[in-house]
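The data block below is protein-v9.cif; it holds mmCIF, C-alpha atoms and all ligand atoms.
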data_run
loop_
_atom_site.label_atom_id
_atom_site.label_comp_id
_atom_site.auth_asym_id
_atom_site.auth_seq_id
_atom_site.Cartn_x
_atom_site.Cartn_y
_atom_site.Cartn_z
CA MET A 408 129.33 99.57 92.20
CA PRO A 409 127.70 97.73 95.09
CA PHE A 410 127.81 93.98 94.52
CA LEU A 411 131.22 92.45 93.87
CA SER A 412 130.36 88.81 94.44
CA LEU A 413 127.87 86.43 95.97
CA SER A 414 128.59 83.02 97.46
CA PHE A 415 126.22 80.34 98.59
CA THR A 416 125.99 77.38 100.89
CA ASN A 417 122.94 75.16 100.50
CA TYR A 418 120.94 77.97 98.92
CA ARG A 419 118.03 76.80 96.72
CA ASN A 420 119.33 74.99 93.62
CA LEU A 421 122.51 77.08 93.27
CA GLU A 422 125.94 75.51 93.51
CA ASP A 423 128.05 76.14 96.62
CA LYS A 424 130.41 78.57 94.96
CA ALA A 425 131.10 82.27 94.51
CA ILE A 426 129.88 84.20 91.50
CA ASP A 427 131.84 87.25 90.42
CA LEU A 428 129.55 90.24 89.87
CA LEU A 429 132.06 93.00 89.29
CA ALA A 430 130.34 94.89 86.45
CA ASN A 431 127.79 97.62 85.93
CA GLU A 432 125.44 95.24 84.18
CA VAL A 433 125.10 91.53 84.76
CA PHE A 434 122.78 89.36 82.67
CA PHE A 435 121.61 85.89 83.71
CA ILE A 436 120.48 83.82 80.74
CA GLY A 437 118.76 80.48 81.11
CA GLU A 438 115.79 78.28 80.37
CA ASN A 439 112.87 78.16 82.81
CA GLY A 440 113.60 76.75 86.25
CA GLN A 441 117.42 76.95 86.09
CA GLY A 442 118.09 79.44 88.90
CA LYS A 443 117.96 82.97 87.42
CA SER A 444 115.36 84.31 89.84
CA ASN A 445 117.12 82.47 92.66
CA LEU A 446 120.19 84.62 91.95
CA LEU A 447 118.12 87.82 92.04
CA GLU A 448 116.48 86.64 95.24
CA ALA A 449 119.90 86.11 96.82
CA LEU A 450 120.89 89.68 95.92
CA TYR A 451 117.63 90.94 97.43
CA ILE A 452 118.15 88.91 100.61
CA SER A 453 121.65 90.40 100.93
CA ALA A 454 120.19 93.90 100.61
CA TYR A 455 117.16 93.59 102.88
CA GLY A 456 117.74 90.47 104.96
CA SER A 457 114.58 88.79 103.69
CA SER A 458 113.22 87.27 100.51
CA PHE A 459 110.63 88.79 98.17
CA ARG A 460 109.32 85.33 97.39
CA THR A 461 108.72 83.69 100.73
CA ARG A 462 108.76 84.21 104.45
CA ILE A 463 109.45 80.54 105.06
CA GLU A 464 113.21 80.23 105.41
CA ASN A 465 113.14 76.44 105.08
CA GLU A 466 111.86 76.84 101.52
CA ILE A 467 115.10 78.61 100.72
CA VAL A 468 117.29 75.86 102.13
CA LYS A 469 118.50 73.46 99.44
CA ASN A 470 116.44 70.28 99.42
CA ASN A 471 117.66 67.68 101.93
CA HIS A 472 119.65 70.23 103.96
CA THR A 473 118.80 72.16 107.11
CA ASP A 474 120.74 75.44 106.90
CA TYR A 475 121.68 77.96 104.22
CA SER A 476 123.94 80.94 103.97
CA ILE A 477 124.55 83.73 101.48
CA ARG A 478 127.53 86.02 101.57
CA ALA A 479 127.69 89.17 99.52
CA LEU A 480 130.70 91.39 99.05
CA TYR A 481 129.93 94.94 98.03
CA LYS A 482 131.71 98.21 97.63
CA GLN A 483 130.72 101.37 99.43
CA SER A 484 131.06 104.74 97.77
CA ASN A 485 134.23 105.26 99.81
CA GLU A 486 135.68 102.26 97.92
CA LYS A 487 135.75 100.11 101.05
CA THR A 488 134.74 96.50 100.55
CA ASP A 489 132.15 95.24 103.04
CA SER A 490 130.32 92.00 103.47
CA ILE A 491 126.81 90.96 104.34
CA ASN A 492 126.25 87.43 105.60
CA VAL A 493 122.77 86.02 105.91
CA THR A 494 122.55 82.62 107.54
CA TRP A 495 119.70 80.38 108.55
CA LYS A 496 120.93 77.81 111.05
CA SER A 497 119.10 75.65 113.56
CA GLY A 498 115.88 77.54 112.82
CA LYS A 499 117.47 80.95 113.47
CA LYS A 500 118.28 83.77 111.12
CA GLN A 501 121.42 85.80 111.55
CA ILE A 502 122.51 88.81 109.51
CA ARG A 503 126.01 90.15 109.85
CA LYS A 504 127.48 93.26 108.29
CA ASN A 505 131.20 92.60 108.32
CA ALA A 506 131.67 91.06 111.77
CA LYS A 507 128.79 92.92 113.41
CA ILE A 508 125.52 91.16 114.08
CA ILE A 509 122.56 93.12 112.76
CA LYS A 510 119.80 92.98 115.36
CA ASP A 511 117.13 94.69 113.30
CA ARG A 512 116.78 94.57 109.53
CA LYS A 513 116.20 98.30 109.48
CA GLU A 514 119.93 98.74 110.29
CA ILE A 515 120.80 97.67 106.75
CA ILE A 516 118.21 99.85 105.02
CA ASN A 517 119.86 102.14 102.51
CA THR A 518 123.02 99.99 102.46
CA ILE A 519 122.42 98.37 99.07
CA PRO A 520 119.21 99.94 97.76
CA CYS A 521 117.72 97.37 95.39
CA VAL A 522 114.62 97.97 93.30
CA LEU A 523 113.12 94.69 92.18
CA PHE A 524 111.04 94.40 89.02
CA SER A 525 109.06 91.17 88.85
CA HIS A 526 105.94 89.54 87.41
CA ASP A 527 104.19 89.91 90.73
CA ASP A 528 104.31 93.69 90.36
CA LEU A 529 101.17 93.41 88.25
CA ASP A 530 99.43 93.09 91.60
CA PHE A 531 100.20 96.75 92.26
CA ALA A 532 97.83 97.57 89.42
CA ILE A 533 95.17 94.87 89.68
CA GLY A 534 95.63 93.36 93.15
CA ALA A 535 93.95 94.19 96.44
CA PRO A 536 94.40 97.71 97.95
CA GLU A 537 96.90 96.31 100.47
CA ARG A 538 99.32 95.58 97.61
CA ARG A 539 99.43 99.29 96.72
CA ARG A 540 99.82 100.26 100.37
CA PHE A 541 102.67 97.76 100.54
CA PHE A 542 104.29 99.40 97.51
CA ILE A 543 104.16 102.89 99.03
CA ASP A 544 105.37 101.58 102.39
CA GLN A 545 108.24 99.79 100.68
CA SER A 546 109.16 102.92 98.70
CA LEU A 547 109.35 104.95 101.91
CA SER A 548 111.11 102.23 103.91
CA MET A 549 113.96 102.18 101.39
CA TYR A 550 115.30 105.43 102.82
CA ASP A 551 113.22 106.52 105.82
CA ILE A 552 114.01 104.56 108.98
CA LEU A 553 111.58 106.72 110.95
CA TYR A 554 108.80 105.52 108.66
CA VAL A 555 109.71 101.91 109.46
CA ASP A 556 109.49 102.72 113.18
CA ILE A 557 106.19 104.57 112.85
CA THR A 558 104.48 101.83 110.82
CA ARG A 559 105.68 99.16 113.25
CA LYS A 560 104.35 101.18 116.16
CA TYR A 561 101.03 101.83 114.41
CA ASN A 562 100.58 98.14 113.61
CA LYS A 563 101.29 97.19 117.20
CA ILE A 564 98.71 99.65 118.57
CA LEU A 565 96.20 98.56 115.94
CA LYS A 566 96.67 94.93 116.94
CA SER A 567 96.03 95.75 120.60
CA ARG A 568 92.98 97.84 119.70
CA ASN A 569 91.62 95.04 117.51
CA SER A 570 92.13 92.46 120.22
CA ILE A 571 89.77 94.49 122.45
CA LEU A 572 87.24 94.64 119.62
CA LYS A 573 87.40 90.87 119.28
CA ASN A 574 86.56 90.38 122.94
CA GLU A 575 82.76 90.17 123.29
CA ASN A 576 82.80 91.35 126.91
CA ALA A 577 85.25 94.18 126.49
CA ASP A 578 84.42 97.65 127.73
CA LEU A 579 84.59 99.94 124.68
CA GLN A 580 85.92 102.75 126.88
CA MET A 581 89.18 100.80 126.94
CA LEU A 582 89.70 101.78 123.32
CA SER A 583 90.50 105.34 124.44
CA VAL A 584 93.81 104.04 125.78
CA TYR A 585 94.89 103.24 122.23
CA ASP A 586 93.09 105.87 120.20
CA SER A 587 95.36 108.81 120.85
CA GLU A 588 98.51 106.82 119.99
CA LEU A 589 96.78 105.36 116.95
CA ILE A 590 95.97 108.88 115.80
CA GLN A 591 99.46 110.25 116.54
CA THR A 592 101.28 107.52 114.60
CA GLY A 593 98.59 107.26 111.92
CA ILE A 594 98.77 110.96 111.08
CA GLN A 595 102.52 110.67 110.55
CA ILE A 596 102.01 107.75 108.19
CA VAL A 597 99.41 109.71 106.20
CA LYS A 598 101.72 112.72 105.97
CA LYS A 599 104.64 110.69 104.68
CA ARG A 600 102.53 108.69 102.23
CA ASN A 601 100.99 111.90 100.96
CA ALA A 602 104.38 113.53 100.40
CA ALA A 603 105.73 110.43 98.60
CA ILE A 604 102.70 110.17 96.31
CA LEU A 605 102.84 113.88 95.53
CA GLN A 606 106.40 113.37 94.41
CA PHE A 607 105.51 110.23 92.46
CA ASN A 608 103.01 112.34 90.57
CA THR A 609 105.72 114.70 89.38
CA ILE A 610 107.27 111.67 87.61
CA TYR A 611 104.63 109.04 86.89
CA PRO A 612 102.28 110.77 84.40
CA HIS A 613 105.26 111.71 82.19
CA LEU A 614 106.59 108.15 82.22
CA TYR A 615 103.19 106.75 81.33
CA GLU A 616 102.68 109.20 78.51
CA GLU A 617 106.20 108.62 77.17
CA ILE A 618 105.68 104.87 76.88
CA THR A 619 102.02 104.65 75.88
CA GLY A 620 101.06 108.08 74.57
CA ILE A 621 98.24 108.13 77.16
CA LYS A 622 98.10 111.44 79.00
CA ASN A 623 97.12 112.31 82.57
CA VAL A 624 97.50 108.92 84.26
CA SER A 625 98.39 109.60 87.85
CA ILE A 626 98.23 108.13 91.33
CA LYS A 627 95.57 109.22 93.77
CA TYR A 628 95.91 108.89 97.50
CA ASP A 629 92.58 108.42 99.27
CA SER A 630 93.43 108.55 102.93
CA SER A 631 90.87 106.78 105.10
CA TRP A 632 90.98 109.69 107.54
CA LYS A 633 90.79 112.24 104.68
CA ASN A 634 92.27 115.55 105.79
CA LYS A 635 90.71 115.43 109.23
CA SER A 636 92.32 117.07 112.25
CA GLU A 637 93.36 115.05 115.30
CA SER A 638 90.18 115.93 117.18
CA GLU A 639 88.00 115.14 114.15
CA ILE A 640 89.68 111.72 113.83
CA ASN A 641 89.14 111.16 117.52
CA ASP A 642 85.44 111.93 117.11
CA LEU A 643 85.31 109.61 114.12
CA LEU A 644 86.89 106.74 116.07
CA ILE A 645 84.44 107.27 118.92
CA SER A 646 81.43 107.43 116.59
CA LYS A 647 82.52 104.22 114.84
CA ARG A 648 83.19 102.18 117.97
CA GLU A 649 79.95 100.24 117.73
CA VAL A 650 80.59 99.39 114.07
CA ASP A 651 84.18 98.42 114.90
CA LYS A 652 82.84 96.16 117.64
CA VAL A 653 80.44 94.43 115.25
CA MET A 654 83.17 94.01 112.64
CA HIS A 655 85.76 92.94 115.29
CA THR A 656 88.27 95.31 113.75
CA THR A 657 89.20 98.98 113.36
CA MET A 658 87.42 100.13 110.24
CA SER A 659 89.31 103.38 109.61
CA GLY A 660 92.93 104.48 109.57
CA PRO A 661 95.99 104.25 107.32
CA HIS A 662 95.62 100.46 107.19
CA ARG A 663 92.48 101.17 105.14
CA ASP A 664 93.99 103.83 102.86
CA ARG A 665 93.35 103.51 99.15
CA ILE A 666 95.85 104.26 96.42
CA LYS A 667 94.40 104.39 92.94
CA PHE A 668 95.45 104.95 89.36
CA ILE A 669 93.34 107.63 87.79
CA LYS A 670 93.08 109.27 84.40
CA ASP A 671 91.32 112.60 84.13
CA LYS A 672 89.92 112.06 87.64
CA LYS A 673 88.34 108.70 86.70
CA PRO A 674 89.52 105.21 87.70
CA PHE A 675 92.02 104.03 85.11
CA ILE A 676 92.79 100.37 85.81
CA SER A 677 89.26 98.99 85.44
CA THR A 678 89.09 100.13 81.81
CA ALA A 679 92.75 99.62 80.93
CA SER A 680 93.92 96.76 78.69
CA THR A 681 96.09 93.99 80.14
CA GLY A 682 99.16 95.55 78.55
CA GLN A 683 98.29 98.97 79.93
CA GLN A 684 97.82 97.48 83.41
CA ARG A 685 101.18 95.74 83.18
CA LEU A 686 102.84 99.00 82.18
CA ALA A 687 101.09 100.82 85.01
CA ALA A 688 102.85 98.47 87.43
CA LEU A 689 106.19 98.39 85.66
CA LEU A 690 106.37 102.17 85.49
CA LEU A 691 105.55 102.34 89.17
CA ARG A 692 108.80 100.48 89.78
CA ILE A 693 110.73 102.85 87.55
CA CYS A 694 109.09 105.67 89.47
CA GLN A 695 110.20 104.07 92.74
CA ALA A 696 113.80 103.98 91.53
CA ILE A 697 113.71 107.61 90.32
CA HIS A 698 112.01 108.72 93.55
CA TYR A 699 114.70 106.97 95.60
CA SER A 700 117.47 108.69 93.62
CA GLU A 701 115.83 112.09 93.94
CA ILE A 702 115.42 111.80 97.70
CA THR A 703 118.76 110.24 98.57
CA ASN A 704 121.02 111.39 95.77
CA LYS A 705 122.12 107.78 95.50
CA LYS A 706 121.78 105.44 92.56
CA PRO A 707 119.84 102.21 93.16
CA VAL A 708 120.65 98.67 92.09
CA LEU A 709 118.04 97.38 89.66
CA LEU A 710 116.99 93.72 89.74
CA MET A 711 114.89 93.00 86.67
CA ASP A 712 113.31 89.58 86.55
CA ASP A 713 112.03 88.73 83.04
CA VAL A 714 110.64 92.23 82.79
CA LEU A 715 111.34 92.97 79.16
CA LEU A 716 109.90 89.61 78.14
CA GLU A 717 106.31 90.77 77.99
CA LEU A 718 106.84 93.98 76.06
CA ASP A 719 106.81 94.63 72.34
CA PRO A 720 110.19 95.72 70.86
CA ASP A 721 109.26 99.40 70.68
CA LYS A 722 108.21 99.53 74.35
CA ARG A 723 111.30 97.55 75.41
CA GLN A 724 113.51 100.14 73.80
CA LYS A 725 111.59 103.00 75.39
CA ILE A 726 111.61 101.37 78.84
CA THR A 727 115.36 100.78 78.76
CA ALA A 728 115.84 104.41 77.78
CA LEU A 729 113.70 105.54 80.73
CA LEU A 730 115.54 103.56 83.39
CA PRO A 731 117.08 105.87 85.94
CA GLU A 732 120.81 105.95 86.44
CA TYR A 733 121.73 102.85 88.35
CA ASP A 734 124.72 101.71 90.30
CA GLN A 735 124.32 98.22 88.95
CA LEU A 736 121.77 96.34 86.87
CA PHE A 737 120.92 92.65 87.03
CA CYS A 738 118.63 91.32 84.35
CA THR A 739 117.32 87.84 83.56
CA PHE A 740 116.56 86.62 80.04
CA LEU A 741 115.46 83.44 78.33
CA PRO A 742 117.98 82.12 75.80
CA GLY A 743 115.85 83.12 72.80
CA GLU A 744 115.58 86.76 73.78
CA PRO A 745 117.58 89.45 72.00
CA TYR A 746 119.58 90.35 75.12
CA GLU A 747 122.63 91.27 72.99
CA ARG A 748 120.72 94.40 72.06
CA TYR A 749 120.77 95.64 75.65
CA LYS A 750 124.33 94.75 76.57
CA HIS A 751 127.21 97.18 76.69
CA SER A 752 130.86 96.41 76.16
CA GLU A 753 131.44 95.78 79.89
CA THR A 754 128.26 93.77 80.54
CA ARG A 755 128.92 90.40 82.16
CA ILE A 756 126.78 87.58 80.89
CA TYR A 757 126.26 84.28 82.65
CA THR A 758 124.35 81.31 81.39
CA ILE A 759 122.55 79.44 84.16
CA GLU A 760 121.81 75.73 83.97
CA GLU A 761 120.59 73.58 86.84
CA GLY A 762 121.90 76.03 89.39
CA MET A 763 125.37 76.29 87.85
CA TRP A 764 126.71 79.26 85.97
CA ASN A 765 129.18 79.85 83.18
CA GLU A 766 130.40 83.19 82.03
CA VAL A 767 129.97 83.94 78.34
CA THR A 768 133.14 85.62 77.28
CA SER A 769 132.83 86.06 73.53
CA GLY A 770 130.79 85.36 70.45
CA LEU A 771 127.79 87.53 71.36
P1 LIG B 1 111.98 81.00 85.06
O1 LIG B 1 112.58 81.41 83.76
O2 LIG B 1 110.94 79.96 84.87
O3 LIG B 1 111.56 82.13 85.91
P2 LIG B 1 114.33 80.65 86.74
O4 LIG B 1 115.61 80.36 86.05
O5 LIG B 1 114.13 82.04 87.21
O6 LIG B 1 113.13 80.18 85.83
P3 LIG B 1 114.32 79.92 89.51
O7 LIG B 1 113.03 80.32 90.04
O8 LIG B 1 115.51 80.75 89.79
O9 LIG B 1 114.18 79.64 87.94
O10 LIG B 1 114.72 78.48 90.00
C1 LIG B 1 113.78 77.53 90.16
C2 LIG B 1 114.50 76.23 90.38
O11 LIG B 1 115.05 76.19 91.67
C3 LIG B 1 113.50 75.11 90.24
O12 LIG B 1 114.07 74.10 89.46
C4 LIG B 1 113.29 74.67 91.67
O13 LIG B 1 113.03 73.30 91.75
C5 LIG B 1 114.63 75.00 92.29
N1 LIG B 1 114.55 75.21 93.73
C6 LIG B 1 113.78 76.14 94.36
N2 LIG B 1 113.92 76.03 95.70
C7 LIG B 1 114.79 75.04 95.91
C8 LIG B 1 115.34 74.45 97.06
N3 LIG B 1 115.01 74.87 98.28
N4 LIG B 1 116.21 73.41 96.90
C9 LIG B 1 116.53 72.98 95.68
N5 LIG B 1 116.06 73.49 94.54
C10 LIG B 1 115.19 74.50 94.64
MG MG B 2 112.51 83.32 87.13
#

Go through the file and emit its structure as structure tokens.
Ligand code: ATP
Ligand code: MG
Amino acid sequence: MPFLSLSFTNYRNLEDKAIDLLANEVFFIGENGQGKSNLLEALYISAYGSSFRTRIENEIVKNNHTDYSIRALYKQSNEKTDSINVTWKSGKKQIRKNAKIIKDRKEIINTIPCVLFSHDDLDFAIGAPERRRFFIDQSLSMYDILYVDITRKYNKILKSRNSILKNENADLQMLSVYDSELIQTGIQIVKKRNAAILQFNTIYPHLYEEITGIKNVSIKYDSSWKNKSESEINDLLISKREVDKVMHTTMSGPHRDRIKFIKDKKPFISTASTGQQRLAALLLRICQAIHYSEITNKKPVLLMDDVLLELDPDKRQKITALLPEYDQLFCTFLPGEPYERYKHSETRIYTIEEGMWNEVTSGL
């Protein structure tokens, strides 16, 4: 059971206090704007060292303050209690695991594997291609530190290559310096994305059919470099140099990969209803959690932000039945929702009002 408690100092609208989270399921119930998502965000920050809502740390600091800190206590599988401290002070972020300063966020990957379900996930279905690349990258980064290293390296080389393309007077021969490294790292990205999507496709179509009755909805990976060999990619990069120069950017590579939803080999999202699009994204998250468990043999922590809200009762029931085994589940609800239906005897329920919480102990 990973999270035992969270405590805050000057964090968003939440009170400077500790909240006890020792339970398999924790529900946060409150009207709009009371602090439910802020609590999920704090859990996410403790797991990954950064927010899913913003990159601007000062937005997270409580109004009229300059610093914030979050401290999470969690239990490892060996029953040891550890802590993660995330502080933002004097414009600097510091993450500490127990007493040790974490220099790179990748050091805490796989520590508390959280899968976040949120409204914004709809973007994975209807948003720009980069949102789907982000999703696949995030899925891989949850357990594969090498993937984090490779993508960082690729992005660095790409940036250098693009800076030459932006320079009007640059000698295009200089691109050769970067091309071989771009190809080496890029091919590894393609390989790993391909393997992950293959595995997603052993899960996803079944989930989609189970919930909607629609068969054969799967995920297609269209790699920008197709299945080309190293030398073929090299030739491609050379042949496209003039175009790249005109466009001031590298026009092919994993940063241009496409990930699509297809049904019977045809694009699915463009003809899907709004509800079907929403489910396409929601089930992608469930798939991410199942994929993580299959690869690591570990159970994730699920953070579900208003997810059940938009579903009809039948689909809600089916979705809850499809959730993978989790180590812990955090779920937000509005007061009018039938959350009692989803609680178990040990579920902890907190009501949230103006950043303060109260545990509901009986009468539900
Ligand atoms: P909803 O049901 O609408 O999603 P919620 O309970 O999830 O609502 P949150 O997003 O958790 O709401 O909290 C939003 C509240 O937090 C707002 O009232 C907002 O003004 C407040 N808030 C956000 N950032 C800060 C901050 N830096 N300082 C103080 N208050 C903040
Ligand atoms: Mg919210």

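Within 7 Å of Thr558 of chain A, once only C-alpha atoms are used and residues closer than 4 positions along the same chain are dropped, the contacting residues are Tyr554, Asn562 and Ile596 of chain A.
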
Would you give the centre and edge lengths, in Å to one decimal, of a box along x, y and z around the listed atoms of segment 686-703 of chain A, with 5 Å added to each side, as JSON?
{"center_x": 109.9, "center_y": 105.2, "center_z": 90.4, "size_x": 27.7, "size_y": 23.7, "size_z": 26.4}

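Taking all atoms listed in the file into account, Glu701 of chain A lies nearest to A:Ala603 out of the set A:Met654, A:Ile640, A:Ile669, A:Ala603.
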
Quick one, how far is atom CA of Asp664 of chain A from atom CA of Asn608 of chain A?
17.5 Å

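With the cut-off set to 7 Å and only C-alpha atoms and all ligand atoms counted, the residues surrounding ligand MG 2 (chain B) are Asn439, Gly440, Lys443, Ser444, Asp712 and Asp713 of chain A.
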
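Atom to atom, atom CA of Ser546 of chain A and atom CA of His698 of chain A stand 8.3 Å apart.
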
Counting only C-alpha atoms, what is within 9 Å of Leu691 of chain A, bar same-chain residues fewer than 5 positions away, as an MDAnalysis selection string?
chainID A and resid 528 531 542 607 611 686 696

Test item: residues lying within 6 Å of ligand LIG 1 (chain B) with only C-alpha atoms and all ligand atoms, as a count of residues only:
16

Using all atoms listed in the file, which residues sit within 9 Å of segment 451-455 of chain A once same-chain residues fewer than 5 positions away are excluded, as a PDB file with C-alpha atoms, keeping the file's coordinate frame?
ATOM      1  CA  LEU A 413     127.870  86.430  95.970  1.00  0.00           C
ATOM      2  CA  LEU A 446     120.190  84.620  91.950  1.00  0.00           C
ATOM      3  CA  ILE A 477     124.550  83.730 101.480  1.00  0.00           C
ATOM      4  CA  ARG A 478     127.530  86.020 101.570  1.00  0.00           C
ATOM      5  CA  ALA A 479     127.690  89.170  99.520  1.00  0.00           C
ATOM      6  CA  ILE A 491     126.810  90.960 104.340  1.00  0.00           C
ATOM      7  CA  ASN A 492     126.250  87.430 105.600  1.00  0.00           C
ATOM      8  CA  VAL A 493     122.770  86.020 105.910  1.00  0.00           C
ATOM      9  CA  ILE A 502     122.510  88.810 109.510  1.00  0.00           C
ATOM     10  CA  ARG A 512     116.780  94.570 109.530  1.00  0.00           C
ATOM     11  CA  LYS A 513     116.200  98.300 109.480  1.00  0.00           C
ATOM     12  CA  ILE A 515     120.800  97.670 106.750  1.00  0.00           C
ATOM     13  CA  ILE A 516     118.210  99.850 105.020  1.00  0.00           C
ATOM     14  CA  ASN A 517     119.860 102.140 102.510  1.00  0.00           C
ATOM     15  CA  THR A 518     123.020  99.990 102.460  1.00  0.00           C
ATOM     16  CA  ILE A 519     122.420  98.370  99.070  1.00  0.00           C
ATOM     17  CA  PRO A 520     119.210  99.940  97.760  1.00  0.00           C
ATOM     18  CA  CYS A 521     117.720  97.370  95.390  1.00  0.00           C
ATOM     19  CA  VAL A 522     114.620  97.970  93.300  1.00  0.00           C
ATOM     20  CA  LEU A 523     113.120  94.690  92.180  1.00  0.00           C
ATOM     21  CA  LEU A 710     116.990  93.720  89.740  1.00  0.00           C
TER      22      LEU A 710
END

Could I get segment 705-712 of chain A rebuilt with all heavy atoms, written as a short mmCIF file (atom, residue, chain, number, x, y, z; two decimals), in the frame of the given file?
data_model
loop_
_atom_site.label_atom_id
_atom_site.label_comp_id
_atom_site.auth_asym_id
_atom_site.auth_seq_id
_atom_site.Cartn_x
_atom_site.Cartn_y
_atom_site.Cartn_z
N LYS A 705 121.35 109.00 95.72
CA LYS A 705 122.12 107.78 95.50
C LYS A 705 121.50 107.03 94.33
O LYS A 705 120.31 107.15 94.08
CB LYS A 705 122.01 106.85 96.71
CG LYS A 705 122.85 107.24 97.89
CD LYS A 705 122.81 106.04 98.81
CE LYS A 705 123.30 106.28 100.19
NZ LYS A 705 123.08 105.11 101.02
N LYS A 706 122.32 106.22 93.67
CA LYS A 706 121.78 105.44 92.56
C LYS A 706 121.40 104.04 93.06
O LYS A 706 122.18 103.43 93.80
CB LYS A 706 122.82 105.32 91.46
CG LYS A 706 123.05 106.65 90.74
CD LYS A 706 124.01 106.48 89.60
CE LYS A 706 125.38 106.98 89.94
NZ LYS A 706 126.38 106.75 88.94
N PRO A 707 120.24 103.54 92.68
CA PRO A 707 119.84 102.21 93.16
C PRO A 707 120.47 101.08 92.33
O PRO A 707 121.06 101.32 91.28
CB PRO A 707 118.32 102.21 92.98
CG PRO A 707 118.09 103.13 91.84
CD PRO A 707 119.18 104.16 91.86
N VAL A 708 120.31 99.88 92.84
CA VAL A 708 120.65 98.67 92.09
C VAL A 708 119.34 98.13 91.53
O VAL A 708 118.37 97.99 92.28
CB VAL A 708 121.29 97.61 93.03
CG1 VAL A 708 121.51 96.29 92.29
CG2 VAL A 708 122.59 98.13 93.61
N LEU A 709 119.28 97.87 90.25
CA LEU A 709 118.04 97.38 89.66
C LEU A 709 118.11 95.87 89.45
O LEU A 709 119.09 95.37 88.88
CB LEU A 709 117.76 98.07 88.32
CG LEU A 709 117.77 99.61 88.33
CD1 LEU A 709 117.41 100.14 86.94
CD2 LEU A 709 116.80 100.18 89.37
N LEU A 710 117.10 95.17 89.94
CA LEU A 710 116.99 93.72 89.74
C LEU A 710 115.79 93.48 88.85
O LEU A 710 114.65 93.69 89.28
CB LEU A 710 116.78 93.00 91.09
CG LEU A 710 117.74 93.32 92.25
CD1 LEU A 710 117.33 92.55 93.50
CD2 LEU A 710 119.18 93.00 91.86
N MET A 711 116.01 93.10 87.62
CA MET A 711 114.89 93.00 86.67
C MET A 711 114.68 91.54 86.27
O MET A 711 115.50 90.96 85.57
CB MET A 711 115.15 93.87 85.45
CG MET A 711 115.45 95.31 85.86
SD MET A 711 115.50 96.48 84.49
CE MET A 711 113.80 96.67 84.12
N ASP A 712 113.58 91.00 86.77
CA ASP A 712 113.31 89.58 86.55
C ASP A 712 112.32 89.39 85.39
O ASP A 712 111.12 89.59 85.56
CB ASP A 712 112.73 88.97 87.85
CG ASP A 712 112.88 87.47 87.87
OD1 ASP A 712 113.43 86.91 86.91
OD2 ASP A 712 112.42 86.85 88.85
#
